[in-house]
$ cat start.txt   # compact mmCIF, C-alpha atoms and all ligand atoms
# COMPACT_ATOMS: atom_id res chain seq x y z
CA MET Q 7 85.81 34.49 -69.56
CA LYS Q 8 87.64 32.36 -67.01
CA PRO Q 9 86.24 28.96 -65.98
CA TYR Q 10 83.09 29.23 -63.92
CA SER Q 11 81.94 27.03 -61.08
CA VAL Q 12 78.41 25.61 -61.17
CA GLU Q 13 77.23 23.79 -58.09
CA VAL Q 14 74.18 22.21 -56.56
CA PHE Q 15 73.54 21.16 -52.98
CA CYS Q 16 71.96 17.79 -52.36
CA ASP Q 17 70.32 16.36 -49.26
CA VAL Q 18 71.48 12.82 -48.52
CA PHE Q 19 69.37 10.66 -46.22
CA GLN Q 20 71.42 7.92 -44.62
CA ASN Q 21 71.91 6.81 -41.03
CA LEU Q 22 69.72 9.64 -39.85
CA LYS Q 23 68.51 9.46 -36.29
CA LYS Q 24 64.92 10.39 -35.59
CA GLY Q 25 64.36 14.10 -36.04
CA GLU Q 26 67.81 14.63 -37.53
CA GLN Q 27 68.02 16.76 -40.65
CA PRO Q 28 69.83 15.43 -43.74
CA GLN Q 29 73.27 16.88 -44.32
CA PRO Q 30 73.55 18.72 -47.61
CA ASP Q 31 76.47 17.71 -49.76
CA PHE Q 32 77.43 19.39 -52.99
CA ILE Q 33 78.29 18.56 -56.57
CA ARG Q 34 80.46 21.13 -58.30
CA ILE Q 35 81.69 21.33 -61.87
CA SER Q 36 83.89 23.83 -63.63
CA VAL Q 37 82.55 25.02 -66.99
CA ASN Q 38 83.84 27.13 -69.86
CA PRO Q 39 81.28 29.92 -70.35
CA ASP Q 40 82.54 30.69 -73.86
CA HIS Q 41 81.89 27.31 -75.47
CA TRP Q 42 78.47 25.82 -75.14
CA TRP Q 43 79.38 22.23 -76.00
CA PRO Q 44 79.42 20.20 -73.84
CA ASP Q 45 79.41 22.41 -70.76
CA SER Q 46 75.95 23.90 -71.23
CA CYS Q 47 74.66 20.29 -71.16
CA TRP Q 48 76.46 19.50 -67.89
CA THR Q 49 75.09 22.74 -66.45
CA ALA Q 50 71.60 21.66 -67.54
CA ILE Q 51 72.04 18.25 -65.86
CA LEU Q 52 72.91 19.89 -62.56
CA HIS Q 53 69.96 22.24 -62.93
CA LEU Q 54 67.61 19.30 -63.57
CA ALA Q 55 69.08 17.46 -60.60
CA ASP Q 56 68.38 20.46 -58.44
CA LYS Q 57 64.89 21.08 -59.69
CA THR Q 58 63.43 17.62 -60.18
CA GLN Q 59 64.01 16.15 -56.76
CA GLN Q 60 63.38 19.04 -54.42
CA ASN Q 61 67.02 19.87 -53.98
CA CYS Q 62 68.31 16.41 -54.87
CA LEU Q 63 67.13 13.95 -52.29
CA PHE Q 64 69.37 10.90 -52.14
CA ALA Q 65 68.54 7.90 -49.98
CA ASP Q 66 72.15 6.88 -49.44
CA TYR Q 67 75.70 8.09 -49.90
CA ASP Q 68 76.70 5.37 -52.37
CA THR Q 69 74.06 6.52 -54.84
CA PHE Q 70 74.94 10.13 -54.26
CA GLN Q 71 78.68 9.51 -54.71
CA ARG Q 72 78.06 7.56 -57.91
CA PHE Q 73 76.06 10.42 -59.41
CA LYS Q 74 78.54 13.01 -58.13
CA ARG Q 75 81.51 11.15 -59.61
CA GLN Q 76 79.85 10.72 -62.99
CA VAL Q 77 78.86 14.37 -63.21
CA GLU Q 78 82.05 15.87 -61.83
CA THR Q 79 84.32 13.93 -64.19
CA LYS Q 80 82.19 15.16 -67.14
CA ILE Q 81 83.27 12.24 -69.31
CA HIS Q 82 80.21 10.45 -70.58
CA LEU Q 83 77.21 12.71 -71.08
CA SER Q 84 74.87 10.21 -72.70
CA GLY Q 85 75.85 7.61 -70.06
CA VAL Q 86 74.78 9.97 -67.27
CA VAL Q 87 71.52 10.74 -69.05
CA SER Q 88 70.64 7.08 -69.54
CA ASP Q 89 71.83 5.93 -66.09
CA TRP Q 90 69.88 8.64 -64.26
CA ALA Q 91 66.97 9.25 -66.64
CA GLU Q 92 64.27 8.22 -64.19
CA TRP Q 93 65.72 10.41 -61.58
CA LEU Q 94 66.30 13.45 -63.81
CA ASP Q 95 62.85 13.11 -65.37
CA PRO Q 96 60.59 11.76 -62.62
CA LYS Q 97 57.61 11.81 -64.99
CA GLY Q 98 58.79 8.77 -66.92
CA GLY Q 99 62.56 8.86 -67.45
CA ASP Q 100 62.17 9.93 -71.06
CA ILE Q 101 65.69 10.05 -72.55
CA ARG Q 102 64.57 11.88 -75.70
CA LYS Q 103 62.86 14.54 -73.63
CA LEU Q 104 65.99 14.94 -71.52
CA PHE Q 105 68.19 15.40 -74.58
CA ALA Q 106 65.70 17.90 -75.99
CA TYR Q 107 66.17 19.86 -72.78
CA LEU Q 108 69.97 19.59 -72.81
CA LEU Q 109 70.27 20.49 -76.50
CA ALA Q 110 67.47 23.06 -76.72
CA ASN Q 111 67.86 25.59 -79.53
CA PRO Q 112 69.27 29.02 -78.67
CA LYS Q 113 66.57 31.44 -77.49
CA PRO Q 114 66.37 35.23 -77.17
CA VAL Q 115 66.82 36.45 -73.60
CA ALA Q 116 63.73 37.88 -71.87
CA GLY Q 117 63.68 41.65 -71.41
CA ARG Q 118 65.87 44.40 -72.81
CA PRO Q 119 69.59 44.17 -71.89
CA PRO Q 120 71.07 44.70 -69.40
CA GLU Q 121 67.90 43.97 -67.44
CA SER Q 122 67.36 40.59 -69.06
CA VAL Q 123 66.72 37.21 -67.55
CA CYS Q 124 67.21 33.71 -68.90
CA PRO Q 125 64.10 32.70 -70.91
CA ARG Q 126 64.11 29.25 -69.26
CA CYS Q 127 65.05 29.64 -65.60
CA GLU Q 128 64.63 33.42 -65.21
CA THR Q 129 68.06 33.95 -63.67
CA PRO Q 130 69.23 37.52 -64.34
CA ILE Q 131 72.02 37.52 -66.90
CA TRP Q 132 74.07 40.57 -66.00
CA GLN Q 133 72.71 41.60 -62.63
CA GLN Q 134 74.13 40.14 -59.46
CA ALA Q 135 73.42 40.68 -55.81
CA GLY Q 136 74.10 44.15 -54.53
CA MET Q 137 75.08 45.59 -57.93
CA ARG Q 138 74.40 49.23 -58.60
CA ARG Q 139 73.07 50.39 -61.96
CA MET Q 140 76.56 51.44 -63.12
CA GLU Q 141 77.95 48.01 -62.28
CA ILE Q 142 75.15 46.23 -64.13
CA ASP Q 143 75.86 48.37 -67.20
CA ALA Q 144 79.59 47.62 -66.90
CA ALA Q 145 78.91 43.88 -66.64
CA TYR Q 146 76.84 44.10 -69.82
CA GLN Q 147 79.52 46.12 -71.65
CA ALA Q 148 82.20 43.65 -70.60
CA ARG Q 149 80.25 40.63 -71.80
CA PRO Q 150 77.48 41.61 -74.20
CA LEU Q 151 77.26 38.19 -75.86
CA PRO Q 152 76.99 35.46 -73.23
CA VAL Q 153 76.77 32.06 -74.86
CA TYR Q 154 74.54 30.20 -72.43
CA CYS Q 155 72.89 30.49 -69.03
CA LEU Q 156 75.29 29.52 -66.26
CA THR Q 157 72.38 28.35 -64.11
CA CYS Q 158 70.33 26.11 -66.42
CA GLY Q 159 72.47 25.74 -69.57
CA GLN Q 160 69.95 27.35 -71.96
CA ARG Q 161 71.79 28.74 -75.00
CA PHE Q 162 71.18 32.36 -76.00
CA LYS Q 163 70.44 33.53 -79.51
CA HIS Q 164 72.73 36.11 -81.09
CA GLU Q 165 71.92 38.28 -84.10
CA THR Q 166 74.29 40.51 -86.08
CA GLY Q 167 76.73 41.12 -83.26
CA ARG Q 168 74.26 41.55 -80.44
CA ILE Q 169 72.21 39.36 -78.20
CA ALA Q 170 68.66 38.70 -79.35
CA TYR Q 171 66.05 39.69 -76.83
CA GLN Q 172 62.33 39.41 -76.47
CA ALA Q 173 60.90 42.69 -75.23
CA THR Q 174 58.29 42.26 -72.53
CA SER Q 175 54.97 42.00 -74.27
CA SER Q 176 52.64 42.04 -71.31
CA ALA Q 177 52.36 43.54 -67.85
CA ARG Q 178 52.45 40.04 -66.41
CA GLU Q 179 55.75 39.23 -68.10
CA ALA Q 180 57.25 42.57 -67.05
CA HIS Q 181 56.23 41.78 -63.48
CA ARG Q 182 57.81 38.32 -63.68
CA ILE Q 183 61.12 39.75 -64.90
CA ALA Q 184 61.09 42.55 -62.33
CA LYS Q 185 60.47 39.99 -59.61
CA ALA Q 186 63.39 37.79 -60.79
CA LEU Q 187 65.71 40.82 -60.83
CA GLU Q 188 64.54 41.90 -57.41
CA LEU Q 189 65.05 38.40 -56.00
CA ALA Q 190 68.57 38.24 -57.45
CA SER Q 191 69.54 41.53 -55.89
CA SER Q 192 68.55 40.23 -52.47
CA GLN Q 193 70.45 36.91 -52.76
CA PRO Q 194 73.88 36.70 -51.16
CA THR Q 195 76.75 36.54 -53.62
CA LEU Q 196 78.83 33.36 -53.89
CA GLN Q 197 81.70 34.98 -51.97
CA GLU Q 198 79.32 36.04 -49.21
CA SER Q 199 77.79 32.59 -48.91
CA GLU Q 200 81.22 30.97 -48.93
CA LEU Q 201 82.43 33.30 -46.22
CA ALA Q 202 79.34 32.59 -44.15
CA ALA Q 203 80.08 28.86 -44.38
CA VAL Q 204 83.63 29.26 -42.98
ZN ZN I 301 68.72 29.69 -67.29
$ encode --input "start.txt" --output "structure tokens"
Amino acid sequence: MKPYSVEVFCDVFQNLKKGEQPQPDFIRISVNPDHWWPDSCWTAILHLADKTQQNCLFADYDTFQRFKRQVETKIHLSGVVSDWAEWLDPKGGDIRKLFAYLLANPKPVAGRPPESVCPRCETPIWQQAGMRRMEIDAAYQARPLPVYCLTCGQRFKHETGRIAYQATSSAREAHRIAKALELASSQPTLQESELAAV
């Protein structure tokens, strides 16, 4: 699979006049979806950044640019984790906990393929916005063994040539997965959102 772009939008608060909204700025990295190391870890860092600070709230541009530069150059993973631990883990800046998240063992996907979602962040794996059933099946056939989640970096477990999956074991879980798939189908695609921004 060709390189894939993972991005997160961050709100930066600096020189804001009263009542002015922060301008979102983005951090974008290019990852190789076929090799988990180290790109699944960089993907996980961006996901943590997005989730732990309500869409990445930065007080000033210098701090934001420092984080952006360190992440986008993808050179020193453990340096980023230790420099930004308190920010990535607001409940105590626990470096061991952060590495446990970044290097989590491969897990079965949730739900039977191709209607499966990531077991950690619940992003649909093969389904994208506006896809018809045939297209979802084709996406699964084309790439039946994804290595890791391109949203949160969770690795997927494989077994004897197929992806391992956890069938839904309760009505509640089935509902959760259905909801995630439904949400995904109503999200704009990347191309659509990019076009809207032009
Ligand atoms: Zn995920």
$ residues_near_ligand --input "start.txt" --ligand "ligand ZN 301 (chain I)" --cutoff "7 Å" --atoms "only C-alpha atoms and all ligand atoms" --output "count of residues only"
12
$ residues_around --input "start.txt" --residues "region 166-180 of chain Q" --least-positions-apart "5" --cutoff "6 Å" --atoms "all atoms listed in the file" --output "list in words"
Pro114, Val115, Ala116, Gly117, Arg118 and Leu151 of chain Q
$ closest_residue --input "start.txt" --among "Q:Ala50, Q:Ala145, Q:Val123, Q:Val37" --to "Ala184 (chain Q)" --atoms "all atoms listed in the file"
Q:Val123
$ closest_residue --input "start.txt" --among "Q:Ile81, Q:Val153, Q:Ala135, Q:Ile142" --to "Ser192 (chain Q)" --atoms "only C-alpha atoms"
Q:Ala135
$ residues_near_point --input "start.txt" --point "(68.9, 31.9, -76.8)" --cutoff "6 Å" --atoms "only C-alpha atoms" --output "number ranges by chain"
Q: 112-115, 161-163
$ atom_distance --input "start.txt" --atom1 "CA of Asp40 (chain Q)" --atom2 "CA of Tyr10 (chain Q)"
10.1 Å
$ residues_around --input "start.txt" --residues "Gln133 (chain Q)" --least-positions-apart "2" --cutoff "8 Å" --atoms "only C-alpha atoms" --output "JSON, numbers by chain"
{"Q": [120, 121, 130, 131, 135, 137, 142, 145, 187, 190, 191]}
$ atom_distance --input "start.txt" --atom1 "CA of His53 (chain Q)" --atom2 "CA of Glu13 (chain Q)"
8.9 Å
$ atom_distance --input "start.txt" --atom1 "CA of Leu63 (chain Q)" --atom2 "CA of Cys16 (chain Q)"
6.2 Å
$ decode --input "start.txt" --residues "region 40-63 of chain Q" --atoms "N, CA and C atoms" --output "compact mmCIF listing (two decimals), in the first residue's frame"
# COMPACT_ATOMS: atom_id res chain seq x y z
N ASP Q 40 2.29 -0.79 5.67
CA ASP Q 40 2.67 -2.21 5.63
C ASP Q 40 3.71 -2.62 6.66
N HIS Q 41 4.32 -1.67 7.32
CA HIS Q 41 5.32 -2.00 8.35
C HIS Q 41 4.95 -1.28 9.63
N TRP Q 42 4.71 -2.04 10.65
CA TRP Q 42 4.20 -1.37 11.87
C TRP Q 42 5.26 -0.53 12.55
N TRP Q 43 6.51 -0.99 12.55
CA TRP Q 43 7.54 -0.24 13.27
C TRP Q 43 8.26 0.72 12.35
N PRO Q 44 8.45 1.97 12.71
CA PRO Q 44 7.94 2.63 13.92
C PRO Q 44 6.64 3.41 13.66
N ASP Q 45 6.09 3.27 12.43
CA ASP Q 45 5.01 4.19 12.07
C ASP Q 45 3.72 4.02 12.86
N SER Q 46 3.46 2.79 13.34
CA SER Q 46 2.24 2.66 14.15
C SER Q 46 2.40 3.47 15.45
N CYS Q 47 3.65 3.58 15.93
CA CYS Q 47 3.89 4.35 17.16
C CYS Q 47 3.70 5.84 16.92
N TRP Q 48 4.16 6.34 15.77
CA TRP Q 48 3.95 7.76 15.46
C TRP Q 48 2.46 8.05 15.27
N THR Q 49 1.77 7.10 14.66
CA THR Q 49 0.31 7.25 14.49
C THR Q 49 -0.36 7.32 15.87
N ALA Q 50 0.11 6.46 16.78
CA ALA Q 50 -0.46 6.44 18.14
C ALA Q 50 -0.18 7.76 18.86
N ILE Q 51 0.99 8.35 18.64
CA ILE Q 51 1.31 9.63 19.30
C ILE Q 51 0.35 10.71 18.82
N LEU Q 52 0.12 10.75 17.52
CA LEU Q 52 -0.82 11.76 17.01
C LEU Q 52 -2.22 11.52 17.55
N HIS Q 53 -2.60 10.26 17.67
CA HIS Q 53 -3.93 9.94 18.19
C HIS Q 53 -4.05 10.39 19.65
N LEU Q 54 -3.00 10.14 20.43
CA LEU Q 54 -3.00 10.58 21.84
C LEU Q 54 -3.08 12.10 21.93
N ALA Q 55 -2.29 12.75 21.05
CA ALA Q 55 -2.29 14.21 21.05
C ALA Q 55 -3.70 14.73 20.79
N ASP Q 56 -4.38 14.09 19.88
CA ASP Q 56 -5.72 14.51 19.51
C ASP Q 56 -6.70 14.28 20.66
N LYS Q 57 -6.55 13.14 21.30
CA LYS Q 57 -7.57 12.73 22.26
C LYS Q 57 -7.32 13.29 23.66
N THR Q 58 -6.07 13.49 24.05
CA THR Q 58 -5.84 13.84 25.44
C THR Q 58 -6.05 15.32 25.75
N GLN Q 59 -5.98 16.16 24.76
CA GLN Q 59 -6.10 17.59 25.07
C GLN Q 59 -7.23 18.25 24.30
N GLN Q 60 -8.34 17.57 24.24
CA GLN Q 60 -9.49 18.11 23.51
C GLN Q 60 -9.05 18.80 22.24
N ASN Q 61 -8.61 17.98 21.31
CA ASN Q 61 -8.16 18.49 20.03
C ASN Q 61 -6.91 19.37 20.15
N CYS Q 62 -5.99 18.94 21.00
CA CYS Q 62 -4.67 19.58 21.07
C CYS Q 62 -4.70 21.07 21.33
N LEU Q 63 -4.89 21.46 22.54
CA LEU Q 63 -4.89 22.89 22.83
C LEU Q 63 -3.47 23.35 23.18
